[in-house]
Structure formats: structure tokens, C-alpha cells
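> Input file: my_file_39.cif. Contents: mmCIF, C-alpha atoms and all ligand atoms.
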```cif
data_target
#
loop_
_atom_site.label_atom_id
_atom_site.label_comp_id
_atom_site.auth_asym_id
_atom_site.auth_seq_id
_atom_site.Cartn_x
_atom_site.Cartn_y
_atom_site.Cartn_z
CA MET A 30 0.00 0.00 0.00
CA LYS A 31 1.22 3.48 -0.85
CA TYR A 32 0.44 6.25 1.64
CA ASP A 33 -0.20 9.83 0.58
CA PHE A 34 2.04 12.30 2.39
CA ASP A 35 1.30 15.06 -0.15
CA GLU A 36 -2.26 15.42 1.11
CA ILE A 37 -3.02 18.84 2.63
CA ILE A 38 -5.08 18.51 5.81
CA VAL A 39 -6.53 21.66 7.34
CA ARG A 40 -5.44 21.69 10.99
CA LYS A 41 -6.35 25.29 11.79
CA GLY A 42 -9.32 25.45 14.12
CA THR A 43 -8.65 22.11 15.82
CA ASP A 44 -6.97 23.73 18.85
CA CYS A 45 -3.65 22.39 17.66
CA VAL A 46 -0.69 24.27 19.09
CA LYS A 47 1.13 24.57 15.76
CA TYR A 48 -1.63 26.46 13.92
CA ASP A 49 -3.89 27.79 16.65
CA ASP A 50 -1.30 29.30 19.01
CA LEU A 51 0.42 31.58 16.49
CA GLN A 52 -1.08 34.75 17.97
CA GLY A 53 -0.09 33.75 21.50
CA VAL A 54 3.50 32.91 20.63
CA PHE A 55 4.37 35.07 17.59
CA GLY A 56 1.88 37.92 17.99
CA ARG A 57 0.29 37.43 14.56
CA THR A 58 -1.79 34.79 12.79
CA ASP A 59 -0.70 35.23 9.16
CA LEU A 60 2.34 32.95 9.46
CA LEU A 61 3.08 29.61 7.85
CA PRO A 62 3.67 27.34 10.87
CA MET A 63 6.88 25.32 10.60
CA TRP A 64 7.62 25.05 14.33
CA VAL A 65 5.99 22.67 16.90
CA ALA A 66 7.40 19.14 16.57
CA ASP A 67 4.41 17.28 15.22
CA MET A 68 3.71 16.51 11.58
CA ASP A 69 1.02 17.72 9.20
CA PHE A 70 0.53 14.15 7.93
CA ARG A 71 -2.58 12.15 8.74
CA THR A 72 -2.10 9.99 11.84
CA PRO A 73 -2.04 6.46 10.34
CA LYS A 74 -5.40 4.77 9.82
CA PHE A 75 -4.48 1.72 11.91
CA VAL A 76 -4.04 3.99 14.95
CA VAL A 77 -7.25 5.93 14.37
CA ASP A 78 -9.19 2.71 13.66
CA ALA A 79 -8.03 1.14 16.94
CA ILE A 80 -9.41 4.14 18.84
CA ARG A 81 -12.61 4.18 16.82
CA GLN A 82 -13.18 0.50 17.42
CA ARG A 83 -12.80 0.95 21.18
CA LEU A 84 -15.19 3.93 21.13
CA ASP A 85 -17.83 1.73 19.52
CA HIS A 86 -18.09 -0.18 22.80
CA GLU A 87 -19.43 3.03 24.37
CA VAL A 88 -18.39 2.31 27.96
CA LEU A 89 -15.22 4.24 28.69
CA GLY A 90 -14.42 2.96 32.17
CA TYR A 91 -11.16 2.58 34.09
CA THR A 92 -8.71 0.58 32.04
CA LEU A 93 -5.74 -1.68 32.60
CA PRO A 94 -2.76 -1.55 30.27
CA CYS A 95 -3.74 -4.16 27.68
CA GLU A 96 -1.52 -7.22 27.19
CA SER A 97 -0.97 -6.19 23.58
CA TRP A 98 0.58 -2.92 24.84
CA TYR A 99 3.31 -4.88 26.62
CA GLU A 100 3.67 -7.44 23.85
CA ASN A 101 3.97 -4.90 21.06
CA ILE A 102 6.48 -2.77 22.93
CA ILE A 103 8.61 -5.87 23.63
CA GLN A 104 8.45 -6.93 19.98
CA TRP A 105 9.04 -3.47 18.58
CA VAL A 106 12.06 -2.46 20.66
CA GLY A 107 13.47 -5.98 20.26
CA ARG A 108 13.15 -5.94 16.48
CA ARG A 109 14.06 -2.32 15.82
CA HIS A 110 16.46 -1.45 18.62
CA ASN A 111 17.99 -4.75 19.58
CA MET A 112 16.67 -4.54 23.15
CA GLN A 113 15.70 -7.50 25.29
CA VAL A 114 12.92 -6.20 27.51
CA LYS A 115 10.77 -7.97 30.10
CA LYS A 116 7.24 -6.94 30.89
CA GLU A 117 8.05 -5.65 34.38
CA GLU A 118 10.73 -3.36 32.93
CA ILE A 119 8.06 -1.36 31.05
CA GLY A 120 6.15 1.39 32.84
CA PHE A 121 3.57 3.84 31.54
CA VAL A 122 4.43 7.55 31.65
CA PRO A 123 1.95 10.23 30.58
CA GLY A 124 4.39 12.05 28.25
CA ILE A 125 8.14 12.11 28.08
CA VAL A 126 8.70 15.59 29.47
CA ARG A 127 6.62 14.61 32.47
CA GLY A 128 8.61 11.38 32.71
CA ILE A 129 11.82 13.41 32.80
CA ALA A 130 10.38 15.65 35.52
CA PHE A 131 9.35 12.60 37.55
CA ALA A 132 12.79 11.03 37.16
CA VAL A 133 14.51 14.28 38.17
CA ASN A 134 12.35 14.45 41.29
CA CYS A 135 12.75 10.76 42.03
CA PHE A 136 16.52 10.42 41.61
CA THR A 137 17.75 13.81 42.84
CA GLN A 138 17.20 16.23 45.71
CA PRO A 139 16.65 20.01 45.45
CA SER A 140 19.94 21.79 44.60
CA ASP A 141 21.49 18.62 43.16
CA LYS A 142 23.33 19.07 39.87
CA VAL A 143 21.85 17.77 36.62
CA MET A 144 23.74 18.04 33.32
CA VAL A 145 22.33 18.74 29.86
CA GLN A 146 24.07 19.40 26.54
CA THR A 147 22.88 22.54 24.83
CA PRO A 148 21.51 23.40 22.36
CA VAL A 149 18.89 20.88 23.39
CA TYR A 150 15.12 20.46 23.59
CA HIS A 151 14.40 23.22 26.10
CA PRO A 152 12.24 21.34 28.67
CA PHE A 153 15.40 19.39 29.62
CA PHE A 154 16.76 22.42 31.42
CA LEU A 155 13.46 24.19 32.14
CA VAL A 156 11.92 21.25 33.96
CA THR A 157 15.14 20.73 35.91
CA GLU A 158 15.35 24.38 36.88
CA HIS A 159 11.66 24.66 37.74
CA ASN A 160 12.07 21.72 40.08
CA HIS A 161 14.87 23.60 41.86
CA ARG A 162 17.81 21.51 40.73
CA GLU A 163 21.00 23.13 39.50
CA VAL A 164 21.42 22.81 35.75
CA VAL A 165 24.96 22.20 34.50
CA TYR A 166 25.35 23.09 30.83
CA ASN A 167 27.83 21.33 28.58
CA SER A 168 27.89 23.05 25.20
CA LEU A 169 27.80 20.93 22.07
CA GLU A 170 30.11 22.11 19.31
CA VAL A 171 29.12 22.62 15.71
CA HIS A 172 31.61 21.60 13.07
CA ASP A 173 31.45 19.75 9.75
CA GLY A 174 27.73 20.53 9.60
CA GLN A 175 26.87 18.54 12.76
CA VAL A 176 26.77 18.91 16.55
CA HIS A 177 29.56 17.14 18.43
CA ILE A 178 30.30 16.39 22.08
CA ASN A 179 33.39 17.99 23.57
CA PHE A 180 34.40 15.08 25.81
CA ASP A 181 37.05 17.06 27.72
CA SER A 182 34.47 19.50 28.87
CA PHE A 183 31.94 16.65 29.40
CA GLU A 184 34.41 14.96 31.76
CA GLN A 185 34.87 18.14 33.74
CA LYS A 186 31.26 19.28 33.94
CA ILE A 187 29.79 15.90 34.86
CA GLN A 188 31.69 15.84 38.14
CA GLY A 189 29.27 16.11 41.03
CA CYS A 190 26.21 15.68 38.76
CA LYS A 191 23.63 13.21 40.03
CA LEU A 192 21.95 12.98 36.64
CA PHE A 193 22.68 13.54 32.98
CA ILE A 194 19.79 13.99 30.55
CA LEU A 195 20.73 12.62 27.15
CA CYS A 196 18.80 13.42 23.98
CA ASN A 197 19.26 10.28 21.88
CA PRO A 198 18.90 11.03 18.95
CA HIS A 199 19.52 14.71 19.45
CA ASN A 200 16.98 17.51 19.03
CA PRO A 201 17.62 20.09 17.57
CA GLY A 202 20.93 18.90 16.11
CA GLY A 203 19.46 15.79 14.47
CA ARG A 204 22.49 13.70 15.45
CA VAL A 205 22.27 9.93 15.84
CA TRP A 206 25.03 9.35 18.41
CA THR A 207 27.47 6.63 17.47
CA LEU A 208 28.04 3.51 19.53
CA GLU A 209 31.51 4.82 20.48
CA GLU A 210 30.15 8.17 21.66
CA LEU A 211 27.47 6.51 23.76
CA GLN A 212 29.93 4.03 25.25
CA ARG A 213 32.20 6.90 26.17
CA ILE A 214 29.31 8.73 27.86
CA ALA A 215 28.44 5.54 29.75
CA GLU A 216 32.01 5.02 30.91
CA ILE A 217 32.34 8.60 32.17
CA CYS A 218 28.94 8.60 33.88
CA GLU A 219 29.63 5.24 35.53
CA ARG A 220 33.00 6.45 36.81
CA ASN A 221 31.36 9.56 38.28
CA GLY A 222 28.34 7.83 39.78
CA THR A 223 25.98 9.78 37.50
CA LYS A 224 22.65 8.28 36.48
CA VAL A 225 21.43 8.86 32.93
CA ILE A 226 17.99 9.68 31.58
CA SER A 227 17.96 8.74 27.90
CA ASP A 228 15.15 10.45 25.99
CA GLU A 229 14.67 8.31 22.87
CA ILE A 230 11.44 9.82 21.57
CA HIS A 231 13.05 10.40 18.14
CA ALA A 232 14.60 6.91 17.89
CA ASP A 233 12.03 5.54 15.46
CA LEU A 234 12.65 8.50 13.18
CA THR A 235 16.25 7.48 12.52
CA LEU A 236 16.78 8.12 8.83
CA PRO A 237 18.00 5.64 6.19
CA GLY A 238 21.73 4.99 6.50
CA TYR A 239 21.93 5.57 10.28
CA GLU A 240 21.49 3.22 13.20
CA HIS A 241 20.00 4.21 16.53
CA HIS A 242 21.67 2.70 19.58
CA SER A 243 19.46 2.69 22.62
CA TYR A 244 21.64 3.95 25.48
CA SER A 245 20.83 0.95 27.65
CA THR A 246 22.31 -1.42 25.04
CA VAL A 247 25.76 0.16 24.75
CA SER A 248 27.28 -1.41 27.89
CA GLU A 249 26.34 -3.24 31.04
CA ALA A 250 27.02 -0.07 33.04
CA ALA A 251 24.71 1.97 30.80
CA ARG A 252 21.93 -0.60 31.26
CA GLU A 253 22.32 -0.49 35.03
CA HIS A 254 22.56 3.27 35.61
CA SER A 255 19.91 4.56 33.22
CA ILE A 256 16.24 5.09 32.61
CA THR A 257 15.05 5.20 29.00
CA PHE A 258 11.96 7.00 27.77
CA MET A 259 10.34 6.03 24.48
CA ALA A 260 7.03 6.63 22.73
CA PRO A 261 5.27 6.05 19.41
CA SER A 262 4.18 9.70 19.54
CA LYS A 263 6.69 11.37 17.20
CA ALA A 264 7.07 8.55 14.68
CA PHE A 265 3.34 7.95 14.24
CA ASN A 266 2.21 11.55 14.72
CA MET A 267 0.08 10.98 17.80
CA PRO A 268 1.64 13.19 20.53
CA GLY A 269 -1.80 14.37 21.64
CA LEU A 270 -2.38 10.88 23.08
CA SER A 271 0.37 10.99 25.78
CA SER A 272 1.38 7.41 25.14
CA SER A 273 4.94 7.16 26.45
CA TYR A 274 6.72 4.59 28.55
CA SER A 275 9.83 4.05 30.62
CA LEU A 276 12.27 1.14 30.36
CA ILE A 277 14.30 0.50 33.52
CA PHE A 278 16.55 -2.54 33.82
CA ASN A 279 18.18 -1.98 37.20
CA ARG A 280 15.92 -3.35 39.91
CA ASP A 281 16.67 -0.70 42.54
CA MET A 282 16.13 2.15 40.11
CA ARG A 283 12.94 0.54 38.85
CA GLU A 284 11.47 -0.02 42.30
CA LYS A 285 12.31 3.52 43.32
CA PHE A 286 10.79 5.04 40.17
CA TYR A 287 7.64 2.91 40.28
CA ALA A 288 7.14 3.71 43.97
CA TYR A 289 7.50 7.43 43.14
CA MET A 290 4.99 7.14 40.31
CA GLU A 291 2.50 5.06 42.24
CA ALA A 292 2.57 7.33 45.28
CA SER A 293 0.72 9.94 43.21
CA GLU A 294 -0.98 7.56 40.75
CA LEU A 295 1.11 9.05 37.94
CA SER A 296 1.52 5.73 36.18
CA MET A 297 -2.16 5.29 35.41
CA GLY A 298 -2.61 5.67 31.66
CA ASN A 299 -5.73 6.14 29.62
CA MET A 300 -7.18 3.48 27.35
CA PHE A 301 -6.40 5.38 24.14
CA ALA A 302 -2.74 5.70 25.03
CA TYR A 303 -2.35 1.94 25.51
CA LEU A 304 -4.29 0.73 22.52
CA SER A 305 -2.96 3.35 20.10
CA CYS A 306 0.63 2.49 21.02
CA ALA A 307 -0.09 -1.23 20.54
CA ALA A 308 -1.72 -0.56 17.16
CA ALA A 309 1.13 1.68 15.95
CA TYR A 310 3.74 -0.93 16.81
CA GLU A 311 1.72 -3.85 15.52
CA HIS A 312 0.86 -2.37 12.13
CA GLY A 313 3.32 0.48 11.68
CA GLU A 314 6.45 -0.87 9.94
CA ASP A 315 5.46 -0.14 6.38
CA TRP A 316 3.85 3.23 7.07
CA LEU A 317 6.92 4.34 9.02
CA LYS A 318 9.28 3.27 6.27
CA GLN A 319 7.36 5.24 3.65
CA MET A 320 6.97 8.26 5.90
CA LEU A 321 10.71 8.35 6.63
CA ALA A 322 11.50 8.12 2.92
CA TYR A 323 9.21 11.12 2.35
CA VAL A 324 10.84 13.07 5.20
CA GLN A 325 14.27 12.24 3.80
CA GLY A 326 13.04 13.63 0.48
CA ASN A 327 11.98 16.85 2.27
CA ILE A 328 15.37 17.14 3.96
CA ASP A 329 17.21 16.66 0.66
CA TYR A 330 14.85 19.13 -1.02
CA THR A 331 15.57 21.72 1.71
CA GLU A 332 19.32 21.23 1.36
CA GLN A 333 19.22 21.61 -2.43
CA TYR A 334 16.88 24.59 -2.25
CA LEU A 335 19.13 26.40 0.21
CA GLN A 336 22.25 25.72 -1.83
CA ALA A 337 20.61 26.94 -5.03
CA ASN A 338 18.58 29.87 -3.74
CA ILE A 339 19.65 30.93 -0.23
CA PRO A 340 23.39 30.16 0.00
CA SER A 341 23.74 32.38 3.09
CA ILE A 342 21.71 29.78 5.05
CA SER A 343 22.92 26.21 5.46
CA MET A 344 21.68 23.38 7.65
CA LEU A 345 22.79 20.71 10.07
CA LYS A 346 21.61 17.74 8.04
CA PRO A 347 19.46 15.54 10.31
CA GLN A 348 20.41 11.90 10.77
CA ALA A 349 17.07 11.41 12.55
CA SER A 350 13.73 13.19 12.66
CA TYR A 351 12.12 15.96 10.67
CA LEU A 352 13.62 18.92 12.53
CA VAL A 353 16.22 20.89 10.62
CA PHE A 354 18.51 23.32 12.45
CA LEU A 355 19.13 26.12 9.97
CA ASP A 356 22.51 27.80 10.30
CA CYS A 357 21.88 31.46 9.52
CA ARG A 358 25.10 32.81 11.00
CA LYS A 359 26.39 34.01 7.63
CA LEU A 360 23.53 36.53 7.53
CA ASN A 361 25.35 38.36 10.35
CA LEU A 362 22.18 39.44 12.11
CA THR A 363 21.49 39.83 15.80
CA GLN A 364 19.08 37.13 17.02
CA GLU A 365 16.36 39.72 17.31
CA LYS A 366 16.84 40.78 13.68
CA LEU A 367 17.02 37.13 12.57
CA VAL A 368 13.69 36.32 14.22
CA ASP A 369 12.29 39.51 12.73
CA LEU A 370 13.40 38.37 9.26
CA PHE A 371 11.59 35.05 9.61
CA VAL A 372 8.43 36.34 11.29
CA GLU A 373 7.86 39.87 10.04
CA LYS A 374 9.40 39.60 6.56
CA ALA A 375 9.04 35.94 5.55
CA HIS A 376 5.82 35.38 7.54
CA LEU A 377 7.13 32.06 8.82
CA ALA A 378 6.80 30.59 12.30
CA LEU A 379 9.98 28.67 13.21
CA ASN A 380 11.58 28.01 16.59
CA ASP A 381 14.17 30.60 17.57
CA GLY A 382 17.47 28.70 17.95
CA THR A 383 18.24 30.38 21.28
CA MET A 384 15.24 28.77 22.95
CA PHE A 385 17.41 25.61 23.00
CA GLY A 386 20.29 27.41 24.72
CA HIS A 387 22.60 30.32 23.90
CA GLU A 388 24.56 28.03 21.52
CA GLY A 389 21.52 28.27 19.22
CA LYS A 390 22.35 31.91 18.41
CA GLY A 391 22.25 32.37 14.65
CA PHE A 392 20.07 29.26 14.18
CA MET A 393 16.37 28.69 13.53
CA ARG A 394 14.63 25.30 13.71
CA LEU A 395 12.54 24.29 10.70
CA ASN A 396 10.00 21.44 10.88
CA VAL A 397 9.87 19.60 7.53
CA GLY A 398 7.27 17.01 8.64
CA CYS A 399 4.76 18.36 6.14
CA PRO A 400 3.64 17.96 2.52
CA ARG A 401 6.38 19.04 0.12
CA SER A 402 4.18 21.78 -1.34
CA ILE A 403 4.02 23.46 2.09
CA LEU A 404 7.78 23.12 2.50
CA HIS A 405 8.28 24.63 -0.96
CA ARG A 406 6.06 27.57 0.01
CA ALA A 407 8.03 28.11 3.21
CA LEU A 408 11.38 28.06 1.43
CA THR A 409 10.09 30.41 -1.28
CA LEU A 410 8.91 32.88 1.37
CA LEU A 411 12.31 32.65 3.05
CA ALA A 412 14.20 33.19 -0.22
CA GLN A 413 12.11 36.30 -0.97
CA ALA A 414 12.70 37.69 2.53
CA VAL A 415 16.46 37.10 2.47
CA GLY A 416 16.54 38.65 -1.03
C1 LIG A 501 13.59 15.25 22.68
C2 LIG A 501 12.13 15.42 22.99
N1 LIG A 501 11.64 14.90 24.12
C3 LIG A 501 10.33 15.01 24.44
C4 LIG A 501 9.45 15.69 23.61
C5 LIG A 501 8.03 15.84 24.01
O1 LIG A 501 7.53 14.65 24.48
P1 LIG A 501 6.13 14.56 25.22
O2 LIG A 501 5.15 15.31 24.38
O3 LIG A 501 5.86 13.11 25.29
O4 LIG A 501 6.32 15.18 26.57
C6 LIG A 501 9.93 16.26 22.42
C7 LIG A 501 9.04 17.02 21.54
O5 LIG A 501 9.43 17.68 20.64
C8 LIG A 501 11.30 16.11 22.10
O6 LIG A 501 11.81 16.61 20.98
#
```
Translate the structure described by the file into C-alpha cells.
Ligand SMILES: Cc1ncc(COP(=O)(O)O)c(C=O)c1O

Amino acid sequence: MKYDFDEIIVRKGTDCVKYDDLQGVFGRTDLLPMWVADMDFRTPKFVVDAIRQRLDHEVLGYTLPCESWYENIIQWVGRRHNMQVKKEEIGFVPGIVRGIAFAVNCFTQPSDKVMVQTPVYHPFFLVTEHNHREVVYNSLEVHDGQVHINFDSFEQKIQGCKLFILCNPHNPGGRVWTLEELQRIAEICERNGTKVISDEIHADLTLPGYEHHSYSTVSEAAREHSITFMAPSKAFNMPGLSSSYSLIFNRDMREKFYAYMEASELSMGNMFAYLSCAAAYEHGEDWLKQMLAYVQGNIDYTEQYLQANIPSISMLKPQASYLVFLDCRKLNLTQEKLVDLFVEKAHLALNDGTMFGHEGKGFMRLNVGCPRSILHRALTLLAQAVG
């Protein structure tokens, strides 16, 4: 079966953040939204059908996690990420950012140090800060068109940190960390007694030619000192369903986290989260493959368009996901003027690179998880604005 990713679906007026919060965030509504990290593609039919079928029963009572939720997670992460997972190692979390917040609260005390590598998905440091932990920032370096870890500085900064929050693959840099990089992180964290939260929400969006390594699989130490968060939400375009889960292999860490979650009934999911995740993993292989090929096409299209028409803007070419970090430093604009160029002149809504940390200065994040005609329109508007 061939899926249609060119289809334009009107999302405006559905209370979706991407289209319906433009006024609140950008101060105007006449912008083409290329920001929030969800896609403009139809959520796959097998996910929607599973929800519809359950609705037909018409009694929406309290629900257990269905057996097929466990089974499909075990099969999926085994097949795709080479992970051997037992049922008791899987726990429901109502969203990955919330999961990170719970883990920060569970495994650290107020004022404890928690390290992140910026530029990074901003809730990593916001959640940590808002929960009164001290954020330690290790800057990623940009060279050869990619973000890289400076391991000397990593070694130094990690000292005294109780936790390190890893974005694996990385948002907004789009990097799929190599096995060697992850093993090095694991060795350093183990030596320093630092636990690791590995956010792997983008794992299933790893693009052709790259291989995702789940952090827990890179060494015995990594498996024992980490908590992994995964979800079908990004890959199958269903983040509104809060259908995430934790994988914890170390018994002490698991018992501590589950006790924390159960104390406030945080681990109680809703029926749609369970069954939609099971459906995505059971039926999703082919859809995902085609969707990723389309996204890869959009990434290549963006790269070629920039080279041909806007040579002053380049990009960090994603190895995973549909988020493209545009390098606009050659324009030589202050960040305020850069944002002004995108919003006021090009009429585009992108994420300001500095929201991911000061290292994002001179960058803007473009979401290419959309029909190519929309992407073409966005790039045309940008080319006209840059002149
Ligand atoms: C790295 C990363 N983690 C978590 C999230 C959000 O996850 P959730 O909606 O499950 O909290 C995003 C969304 O863009 C993300 O990029």
C-alpha cells in the first residue's frame, strides 16, 4: 500500500498548538507554521481505527494496560532497537517531558546538579530548573555541519552531577550518536556515579543509513545506571495521546521510580494511550518506512533549495527526525533581527534557535514534517525575505 504524504489537511481550528497558538506565541496569525514538533501528515489509519473500534463499545471505564501494549512494545524495541525487555521493565508515563520531571524528582534532591548538553530540547533544562535543581550546561560544538560532544568539557562538567539527561537522537541537532560516543558517555557517567535519563522519543525517526543505539544497550554499566523513555508519539504523529513509557533494567532504580509514580498515581494511563501504542507498533512498519523516505526527500529538497537559492543559510543535516537546524550565522544578524526576518518579513513561524540554549544563536529550527508543497512555500517565502 502506498500512503499519501502530499495530502493537505486543514489543521487550523482544531486547537492544535502549531496552527492555533500563532497569535499567542508570535503575535500574529498570518504565518506559515513550521515550528511545533508534530507533523502535518494524517495519523495512520491503523491507529485511528483502533481508537474508533474501542469507542464503539461506548463504555469508557477505568482501564488496565492491555496485554498487547506490553507485547507490542517488547516486539518493537526488540526488532528495531535490539533490546531484550521484560514486561516488568516497562512502565507507563503520561508524556516524556513529564517522565523526565518525575525522574529528576525521584533520583535527585533540590539543589542537586543535573547536566544537559545545549543546544537541546528546552524542557530538559526548564523542567530541571523549575524543580529547583542546579542545571549544568555542557555546550555541544558545531563543526562539519553537525553537533559534536566535547568530551574534555563533558568529563569536567559531569563531576558532582547526580543525573545527565541525554537526547538520543539529538533535538535540535538531528544527530544519531554513534556507539563509540554513547559508550564513552556511559564510561564517564559510571566512573562519576551519575545516572542517565535517555530520551529516545526520536529513535524511530532514525533516517535511512543511520542506526539508533538505545543507550541501555551500549554497555552493562549503561543498562544499570539509566532510565530510557520512548514513545510512538513522534514517529506515528500521535503526541496528543500521551502514550509514552519508561524502560528500567536496574531493579533498585525501577522499584524507586515505580514507587515514586504510584505514590501519586502518575503511572495510570488512559485506554487510548495503551491501545494506540499497541496498534502503531503492531501495524506500523510499512507506514513508518514510507513516511521516513518522504521526510528524507523533504530534507534533501531543503538542502538543495538552500544551496541553489539561499546560500547564506545552510543546515545541520538531520540523521534522525524531521527537525532541521538552519545555520543562519552568515547573515550576520542579531538574534532579534534574525527572528524579525523570519516572522515579520518571511511570515514564517519557526523556533528561535536560542530557545534551546545560547549556543543556538544564529540558528532557527525548521520542521519539515509536512507535505512538500508546504515546505516549498516556506522556502520560497524565506528566499524572498532574504533577497
Ligand atoms: C527530545 C524530545 N523529548 C520530548 C518531547 C516531548 O515529548 P512529550 O510530548 O511526550 O512530553 C519532544 C518534543 O518535541 C522532544 O523533541
> Which residue out of A:Trp105, A:Trp98, A:Phe286, A:Phe385 has the minimum interatomic distance to ligand LIG 501 (chain A) when only C-alpha atoms and all ligand atoms are used?
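Checking each of A:Trp105, A:Trp98, A:Phe286, A:Phe385 against ligand LIG 501 (chain A), counting only C-alpha atoms and all ligand atoms, the winner is A:Phe385.
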> Can you measure atom CA of Ser305 of chain A to atom CA of Ala79 of chain A for me? One decimal in Å is fine.
6.4 Å
> Can you pull out every residue within 8 Å of Phe278 of chain A, counting all atoms listed in the file, but drop anything in the same chain fewer than 6 positions away, and send it as a ChimeraX atom specification?
/A:118,252-253,255-256
> Please identify all protein, DNA and RNA residues within 8 Å of ligand LIG 501 (chain A), counting only C-alpha atoms and all ligand atoms, and report them as a ChimeraX atom specification.
/A:65-67,123-128,149-150,152,196-201,228-231,260,262-263,268-269,271-273
> Pull the closest atom pair for each residue of segment 106-210 of chain A that gets at most 8 Å from segment 336-355 of chain A, along with the distance in Å to one decimal, counting all atoms listed in the file, ordering rows by chain and then ascending residue number, as a tab-separated table.

```
residue	atom	partner	partner_atom	distance
A:Gly174	CA	A:Leu345	CA	5.0
A:Gln175	CA	A:Leu345	CA	5.3
A:Val176	CA	A:Leu345	CA	7.8
A:Pro198	CA	A:Ala349	CA	6.7
A:Asn200	CA	A:Leu352	CA	7.5
A:Pro201	CA	A:Phe354	CA	6.1
A:Gly202	CA	A:Phe354	CA	6.2
A:Gly203	CA	A:Pro347	CA	4.2
A:Arg204	CA	A:Gln348	CA	5.4
A:Val205	CA	A:Gln348	CA	5.7
```
> What gap, in Å, lies between atom CA of Gln113 of chain A and atom CA of Val143 of chain A?
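That distance, rounded to one decimal, is 28.4 Å.
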> Mind giving me the straight-line distance from atom CA of His254 of chain A to atom CA of Phe153 of chain A in Å, one decimal?
18.6 Å
> Listing only residues of segment 56-161 of chain A within 9 Å of segment 309-329 of chain A, what is the closest atom pair and its distance in Å (to one decimal) for each, using all atoms listed in the file, sorted by chain and residue number ascending, as a Markdown table?

```
| residue | atom | partner | partner_atom | distance |
| --- | --- | --- | --- | --- |
| A:Phe70 | CA | A:Met320 | CA | 9.0 |
| A:Pro73 | CA | A:Trp316 | CA | 7.5 |
| A:Phe75 | CA | A:His312 | CA | 6.7 |
| A:Val76 | CA | A:Ala309 | CA | 5.8 |
| A:Ser97 | CA | A:Glu311 | CA | 8.8 |
| A:Trp98 | CA | A:Tyr310 | CA | 8.9 |
| A:Asn101 | CA | A:Tyr310 | CA | 5.8 |
| A:Ile102 | CA | A:Tyr310 | CA | 7.0 |
| A:Gln104 | CA | A:Tyr310 | CA | 8.3 |
| A:Trp105 | CA | A:Tyr310 | CA | 6.1 |
```
> Would you please work out which residue, of A:Tyr289, A:Phe154, A:Phe131, A:Trp206, is nearest to Phe193 of chain A when using only C-alpha atoms?
A:Phe154
> Point out the residue among A:Cys135, A:Ala307, A:Ala250, A:Leu192 with the least atom-to-atom distance to Ala292 of chain A, counting all atoms listed in the file.
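Using all atoms listed in the file, Ala292 of chain A sits closest to A:Cys135.
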